There are 2 protein chains.
Amino acid sequence: MKAVADLKYYPNLNARSLAGGRSRTLGIIASNLENPFFFDVFRVLEADAHAQGYEVVAANTDYRPEQLLRSVKTMIGRRVGGLAVIVSEMEPDLVRELEQSGIPTVFYDVGPVRGQISNIRVNYRRGMERIVEYLHGLGHSRLAFIGHHSTLGPLSEREKAFLETVARYPGKETRTIADVDRPEGGRRACAELLDSAFRPTAILCVNDFMALGVLRELRERGLRVPQDVSVTGFDNIGLSEYCWPALTTAHIPRDRIGHLAFESLMREPVNGKSPAREIVVDPEFLVRDSTGPASS
Amino acid sequence: MKAVADLKYYPNLNARSLAGGRSRTLGIIASNLENPFFFDVFRVLEADAHAQGYEVVAANTDYRPEQLLRSVKTMIGRRVGGLAVIVSEMEPDLVRELEQSGIPTVFYDVGPVRGQISNIRVNYRRGMERIVEYLHGLGHSRLAFIGHHSTLGPLSEREKAFLETVARYPGKETRTIADVDRPEGGRRACAELLDSAFRPTAILCVNDFMALGVLRELRERGLRVPQDVSVTGFDNIGLSEYCWPALTTAHIPRDRIGHLAFESLMREPVNGKSPAREIVVDPEFLVRDSTGPASS
DNA sequence: TTGAAAGCGGTACCAG
DNA sequence: CTGGTACCGCTTTCAA
């Protein structure tokens, strides 16, 4: 040990993984680590991993399917000991590849449960129901939904959750629009929305991160929140309390998701078959200052 | 190639790195990836790396020296092809270890230039001078500096830059205070400041991320920005335009830093000695809405 | 307990 | 160009 310190010996991790077969490194692939939602999950997963002597390497896909593909390939190439895939975009092929690879995997919000693949999903629909119900009670009739590209489109759970929920209340007008998952995207989407003929009484954002941009665009146009327009987010990222006005949103327990993800990856296969499972977490509705009675 | 696809063959990257000696993976260690400043640098570095067929693994230190140590060890263990260390905390031992390791390294804002170690630094002092000068012109006399723990303390360049610059203008009162590098930290520091006897006419924050929290605390106490108190940030992160009011700040060209870091790591050693270098980038002062004439 | 030897899955260099 | 072989540095197994 003295020699180890003296000679500055650093075991070659590549050789170690090669020889040992396993890798004591976990992988996490996220759509957008810039969005605090993903980062918070990453942070918790990493903390848990470190506590158990694992390292974790993160990869960002930027919502680009080809980047997802590349990241998955790299992770498999690295022979990571487990892989958490926290993304919105997903291709069925990948699920199969991952399954074949034999790497313990956990998905968030996408993909089926099978083989050694677990799935953690949030009951987005339930959160959306709370939001729409609340807005309905406030007298809102024209609702706009701002999402990012992968939450809008034919196969999107989230857009469907919004549309179907609203459909239960007769007499509502709706509009949906998408841009990139950044404040800037929210701002642009909001601008486009307001430049159209549609006059929303409330704007529901797919997440808090984009809502930040919506708030700004509204402010610049002299529209007051919530007097003129109400705004809601989703996720309850830390920043949602640091913007103005503070966002009404739905809390998603990211720390719980991080813990669950880690735990899923650590489960040892029993009798050769691994204990994949599906976990559903419920969001919690939070009223703050960005919502109020409908104005018109 | 047909077979490769059919059999789902994924070359073992560990074996490849072991055999090849080099790693086609770059490492980046940052103090706080949650702070968009660091993330933006990471993003650019990663994009450049991908364009050249490199992967990059990121590690977060949370400003904890022991975590820095761990990350460096892991990176050396992985035998990364290059390492960018974008942190505030630094221990001289590490510089030496890294130097011995033979890994091309680039530091940001810390450490000396020597061996194969390059250094990119931002002229923080110059930015601070602009800010203080501007505030002085507006009649501010009581200046508070809010930083995070590693920017305050005996060996901090940044605190010194603030103090020494202010000292040039007679009759100014100052106060410095630190908390964690998050909006929440900025908020707490601001609260503590206002609970003291000191009544700042302007609050200078070490970065925009913390300034976000300062803005909120001020708002909750009914203090108007900039009418009652002026606030400045540093970095010009995207969010600095999405808060309210928009922050007066100093722009640090993070994309340039990312490109420079990548480029430094890619330089081939010439005649056995590697071309380490030092690069200084200048911040650019940006006036927005969070600053105005002193009130009292 | 200690030491020697056989891989792990590639790369690189050699002769054919 | 093709095929063969010697490692890369560590883990694991098996003898001694």
# chains A, B, ... in the order shown; residues from 1 in each chain; ligands from 1
$ select_by_dssp --residues "stretch 179-228 of chain A" --states "strand (DSSP E or B)" --output "PyMOL selection string"
chain A and resi 179+202-205
$ interface_residues --of "chain C" --to "chain B" --cutoff "7 Å" --atoms "only C-alpha atoms (C1' of nucleotides)" --output "VMD selection string"
chain C and resid 9 to 11
$ interface_residues --of "chain D" --to "chain A" --cutoff "8 Å" --atoms "only C-alpha atoms (C1' of nucleotides)" --output "JSON, numbers by chain"
{"D": [8, 9, 10, 11]}
$ residues_around --residues "B:Val95" --least-positions-apart "6" --cutoff "12 Å" --atoms "only C-alpha atoms (C1' of nucleotides)" --output "compact mmCIF listing (two decimals) with C-alpha atoms, in the first residue's frame"
# COMPACT_ATOMS: atom_id res chain seq x y z
CA LEU B 68 -12.58 15.92 -7.12
CA LEU B 69 -9.96 13.49 -5.97
CA VAL B 72 -9.54 12.40 -11.05
CA LEU B 83 -9.14 15.60 -19.31
CA VAL B 85 -10.93 20.14 -15.25
CA GLU B 89 -11.59 23.96 -5.89
CA SER B 101 -0.14 10.55 -15.45
CA GLY B 102 0.80 11.73 -18.89
CA ILE B 103 -2.79 12.57 -19.73
CA PRO B 104 -3.27 15.75 -21.74
CA THR B 105 -5.05 18.07 -19.36
CA VAL B 106 -6.64 21.46 -19.49
CA PHE B 107 -7.68 23.45 -16.45
CA VAL B 110 -6.92 27.12 -11.69
CA GLY B 111 -3.51 25.66 -11.70
CA PRO B 112 -0.32 26.56 -13.46
CA VAL B 113 0.71 25.93 -17.02
CA ARG B 114 3.31 23.23 -17.18
CA GLY B 115 4.00 19.89 -18.70
CA GLN B 116 1.08 18.90 -20.85
CA ILE B 117 -1.27 20.99 -18.77
CA SER B 118 -2.94 23.95 -20.44
CA ASN B 119 -4.95 26.56 -18.66
$ residues_around --residues "B:Asp109" --least-positions-apart "6" --cutoff "8 Å" --atoms "only C-alpha atoms (C1' of nucleotides)" --output "list in words"
Ile86, Val87, Ser88, Asn119, Ile120, Arg121 and Val122 of chain B
$ write_last_selection --atoms "C-alpha atoms" --output "PDB file, in the first residue's frame"
ATOM      1  CA  ILE B  86     -13.427  22.974 -14.908  1.00  0.00           C
ATOM      2  CA  VAL B  87     -13.542  23.459 -11.170  1.00  0.00           C
ATOM      3  CA  SER B  88     -13.077  26.126  -8.566  1.00  0.00           C
ATOM      4  CA  ASN B 119      -4.946  26.563 -18.664  1.00  0.00           C
ATOM      5  CA  ILE B 120      -7.876  28.643 -19.759  1.00  0.00           C
ATOM      6  CA  ARG B 121      -8.733  31.532 -17.546  1.00  0.00           C
ATOM      7  CA  VAL B 122     -11.246  34.279 -17.640  1.00  0.00           C
TER       8      VAL B 122
END
$ select_by_dssp --residues "stretch 29-240 of chain B" --states "helix (DSSP H, G or I)" --output "PyMOL selection string"
chain B and resi 36-51+65-78+92-101+124-137+149-151+157-167+183-195+208-220+238-240
$ decode --residues "chain C" --atoms "N, CA and C atoms (P, O5', C5', C4', C3', O3' and C1' of nucleotides)" --output "PDB file, in the first residue's frame"
ATOM      1  P    DT C   1      -5.097 -17.718   4.846  1.00  0.00           P
ATOM      2  O5'  DT C   1      -3.764 -17.273   4.087  1.00  0.00           O
ATOM      3  C5'  DT C   1      -2.648 -16.763   4.764  1.00  0.00           C
ATOM      4  C4'  DT C   1      -1.425 -17.127   3.965  1.00  0.00           C
ATOM      5  C3'  DT C   1      -1.104 -16.130   2.835  1.00  0.00           C
ATOM      6  O3'  DT C   1       0.259 -15.730   2.948  1.00  0.00           O
ATOM      7  C1'  DT C   1      -1.072 -18.358   2.021  1.00  0.00           C
ATOM      8  P    DT C   2       0.862 -14.638   1.989  1.00  0.00           P
ATOM      9  O5'  DT C   2       1.376 -15.509   0.778  1.00  0.00           O
ATOM     10  C5'  DT C   2       2.471 -16.412   0.962  1.00  0.00           C
ATOM     11  C4'  DT C   2       2.894 -16.946  -0.399  1.00  0.00           C
ATOM     12  C3'  DT C   2       2.970 -15.854  -1.486  1.00  0.00           C
ATOM     13  O3'  DT C   2       4.206 -15.969  -2.166  1.00  0.00           O
ATOM     14  C1'  DT C   2       1.628 -17.668  -2.225  1.00  0.00           C
ATOM     15  P    DG C   3       4.595 -15.000  -3.355  1.00  0.00           P
ATOM     16  O5'  DG C   3       4.512 -16.005  -4.581  1.00  0.00           O
ATOM     17  C5'  DG C   3       5.113 -17.287  -4.492  1.00  0.00           C
ATOM     18  C4'  DG C   3       4.871 -18.044  -5.792  1.00  0.00           C
ATOM     19  C3'  DG C   3       5.059 -17.170  -7.037  1.00  0.00           C
ATOM     20  O3'  DG C   3       5.686 -17.942  -8.050  1.00  0.00           O
ATOM     21  C1'  DG C   3       2.844 -18.012  -6.979  1.00  0.00           C
ATOM     22  P    DA C   4       6.108 -17.306  -9.408  1.00  0.00           P
ATOM     23  O5'  DA C   4       5.389 -18.283 -10.448  1.00  0.00           O
ATOM     24  C5'  DA C   4       5.225 -19.666 -10.131  1.00  0.00           C
ATOM     25  C4'  DA C   4       4.274 -20.310 -11.137  1.00  0.00           C
ATOM     26  C3'  DA C   4       4.406 -19.727 -12.551  1.00  0.00           C
ATOM     27  O3'  DA C   4       4.255 -20.779 -13.479  1.00  0.00           O
ATOM     28  C1'  DA C   4       2.199 -19.376 -11.747  1.00  0.00           C
ATOM     29  P    DA C   5       4.252 -20.487 -15.057  1.00  0.00           P
ATOM     30  O5'  DA C   5       2.695 -20.532 -15.414  1.00  0.00           O
ATOM     31  C5'  DA C   5       1.921 -21.671 -15.031  1.00  0.00           C
ATOM     32  C4'  DA C   5       0.526 -21.541 -15.631  1.00  0.00           C
ATOM     33  C3'  DA C   5       0.520 -21.005 -17.065  1.00  0.00           C
ATOM     34  O3'  DA C   5      -0.541 -21.619 -17.762  1.00  0.00           O
ATOM     35  C1'  DA C   5      -0.717 -19.566 -15.705  1.00  0.00           C
ATOM     36  P    DA C   6      -0.696 -21.463 -19.336  1.00  0.00           P
ATOM     37  O5'  DA C   6      -2.269 -21.435 -19.538  1.00  0.00           O
ATOM     38  C5'  DA C   6      -3.138 -22.035 -18.555  1.00  0.00           C
ATOM     39  C4'  DA C   6      -4.465 -21.294 -18.564  1.00  0.00           C
ATOM     40  C3'  DA C   6      -4.865 -20.780 -19.950  1.00  0.00           C
ATOM     41  O3'  DA C   6      -6.268 -20.930 -20.122  1.00  0.00           O
ATOM     42  C1'  DA C   6      -4.788 -18.977 -18.453  1.00  0.00           C
ATOM     43  P    DG C   7      -6.927 -20.837 -21.564  1.00  0.00           P
ATOM     44  O5'  DG C   7      -6.372 -19.409 -22.006  1.00  0.00           O
ATOM     45  C5'  DG C   7      -7.248 -18.476 -22.637  1.00  0.00           C
ATOM     46  C4'  DG C   7      -8.272 -17.952 -21.631  1.00  0.00           C
ATOM     47  C3'  DG C   7      -9.068 -16.782 -22.210  1.00  0.00           C
ATOM     48  O3'  DG C   7     -10.421 -16.881 -21.789  1.00  0.00           O
ATOM     49  C1'  DG C   7      -7.792 -16.054 -20.317  1.00  0.00           C
ATOM     50  P    DC C   8     -11.554 -16.443 -22.777  1.00  0.00           P
ATOM     51  O5'  DC C   8     -11.834 -14.928 -22.397  1.00  0.00           O
ATOM     52  C5'  DC C   8     -12.595 -14.556 -21.239  1.00  0.00           C
ATOM     53  C4'  DC C   8     -12.548 -13.057 -21.106  1.00  0.00           C
ATOM     54  C3'  DC C   8     -12.690 -12.344 -22.463  1.00  0.00           C
ATOM     55  O3'  DC C   8     -13.987 -11.801 -22.582  1.00  0.00           O
ATOM     56  C1'  DC C   8     -10.869 -11.427 -21.137  1.00  0.00           C
ATOM     57  P    DG C   9     -14.740 -12.139 -23.954  1.00  0.00           P
ATOM     58  O5'  DG C   9     -14.145 -11.016 -24.912  1.00  0.00           O
ATOM     59  C5'  DG C   9     -14.419  -9.661 -24.615  1.00  0.00           C
ATOM     60  C4'  DG C   9     -13.566  -8.776 -25.502  1.00  0.00           C
ATOM     61  C3'  DG C   9     -13.696  -9.073 -27.004  1.00  0.00           C
ATOM     62  O3'  DG C   9     -13.708  -7.834 -27.674  1.00  0.00           O
ATOM     63  C1'  DG C   9     -11.457  -9.132 -26.384  1.00  0.00           C
ATOM     64  P    DG C  10     -14.273  -7.732 -29.092  1.00  0.00           P
ATOM     65  O5'  DG C  10     -13.575  -6.346 -29.506  1.00  0.00           O
ATOM     66  C5'  DG C  10     -12.433  -6.390 -30.321  1.00  0.00           C
ATOM     67  C4'  DG C  10     -11.288  -5.681 -29.623  1.00  0.00           C
ATOM     68  C3'  DG C  10     -10.221  -5.208 -30.603  1.00  0.00           C
ATOM     69  O3'  DG C  10     -10.325  -3.804 -30.748  1.00  0.00           O
ATOM     70  C1'  DG C  10      -9.271  -6.482 -28.789  1.00  0.00           C
ATOM     71  P    DT C  11      -9.701  -3.185 -32.084  1.00  0.00           P
ATOM     72  O5'  DT C  11      -8.146  -3.136 -31.780  1.00  0.00           O
ATOM     73  C5'  DT C  11      -7.648  -2.263 -30.779  1.00  0.00           C
ATOM     74  C4'  DT C  11      -6.139  -2.320 -30.767  1.00  0.00           C
ATOM     75  C3'  DT C  11      -5.473  -1.949 -32.091  1.00  0.00           C
ATOM     76  O3'  DT C  11      -4.341  -1.145 -31.789  1.00  0.00           O
ATOM     77  C1'  DT C  11      -4.773  -4.101 -31.429  1.00  0.00           C
ATOM     78  P    DA C  12      -3.643  -0.316 -32.943  1.00  0.00           P
ATOM     79  O5'  DA C  12      -2.320  -1.174 -33.123  1.00  0.00           O
ATOM     80  C5'  DA C  12      -1.484  -1.459 -32.009  1.00  0.00           C
ATOM     81  C4'  DA C  12      -0.375  -2.378 -32.456  1.00  0.00           C
ATOM     82  C3'  DA C  12       0.202  -2.028 -33.840  1.00  0.00           C
ATOM     83  O3'  DA C  12       1.600  -2.233 -33.830  1.00  0.00           O
ATOM     84  C1'  DA C  12      -0.602  -4.230 -33.867  1.00  0.00           C
ATOM     85  P    DC C  13       2.484  -1.507 -34.952  1.00  0.00           P
ATOM     86  O5'  DC C  13       3.767  -2.435 -34.903  1.00  0.00           O
ATOM     87  C5'  DC C  13       3.905  -3.423 -33.881  1.00  0.00           C
ATOM     88  C4'  DC C  13       4.160  -4.788 -34.498  1.00  0.00           C
ATOM     89  C3'  DC C  13       4.895  -4.728 -35.850  1.00  0.00           C
ATOM     90  O3'  DC C  13       6.018  -5.605 -35.819  1.00  0.00           O
ATOM     91  C1'  DC C  13       3.036  -6.139 -36.001  1.00  0.00           C
ATOM     92  P    DC C  14       7.162  -5.438 -36.914  1.00  0.00           P
ATOM     93  O5'  DC C  14       7.367  -6.935 -37.380  1.00  0.00           O
ATOM     94  C5'  DC C  14       7.422  -7.991 -36.403  1.00  0.00           C
ATOM     95  C4'  DC C  14       6.882  -9.268 -37.016  1.00  0.00           C
ATOM     96  C3'  DC C  14       7.366  -9.509 -38.442  1.00  0.00           C
ATOM     97  O3'  DC C  14       8.566 -10.290 -38.408  1.00  0.00           O
ATOM     98  C1'  DC C  14       5.027 -10.012 -38.198  1.00  0.00           C
ATOM     99  P    DA C  15       9.407 -10.381 -39.759  1.00  0.00           P
ATOM    100  O5'  DA C  15       8.816 -11.692 -40.438  1.00  0.00           O
ATOM    101  C5'  DA C  15       8.752 -12.919 -39.699  1.00  0.00           C
ATOM    102  C4'  DA C  15       7.671 -13.824 -40.288  1.00  0.00           C
ATOM    103  C3'  DA C  15       8.014 -14.419 -41.664  1.00  0.00           C
ATOM    104  O3'  DA C  15       7.583 -15.770 -41.689  1.00  0.00           O
ATOM    105  C1'  DA C  15       5.982 -13.200 -41.800  1.00  0.00           C
ATOM    106  P    DG C  16       7.904 -16.737 -42.917  1.00  0.00           P
ATOM    107  O5'  DG C  16       6.538 -16.787 -43.720  1.00  0.00           O
ATOM    108  C5'  DG C  16       5.420 -17.495 -43.182  1.00  0.00           C
ATOM    109  C4'  DG C  16       4.273 -17.411 -44.177  1.00  0.00           C
ATOM    110  C3'  DG C  16       4.626 -17.875 -45.585  1.00  0.00           C
ATOM    111  O3'  DG C  16       3.551 -18.637 -46.120  1.00  0.00           O
ATOM    112  C1'  DG C  16       3.748 -15.693 -45.669  1.00  0.00           C
TER     113       DG C  16
END
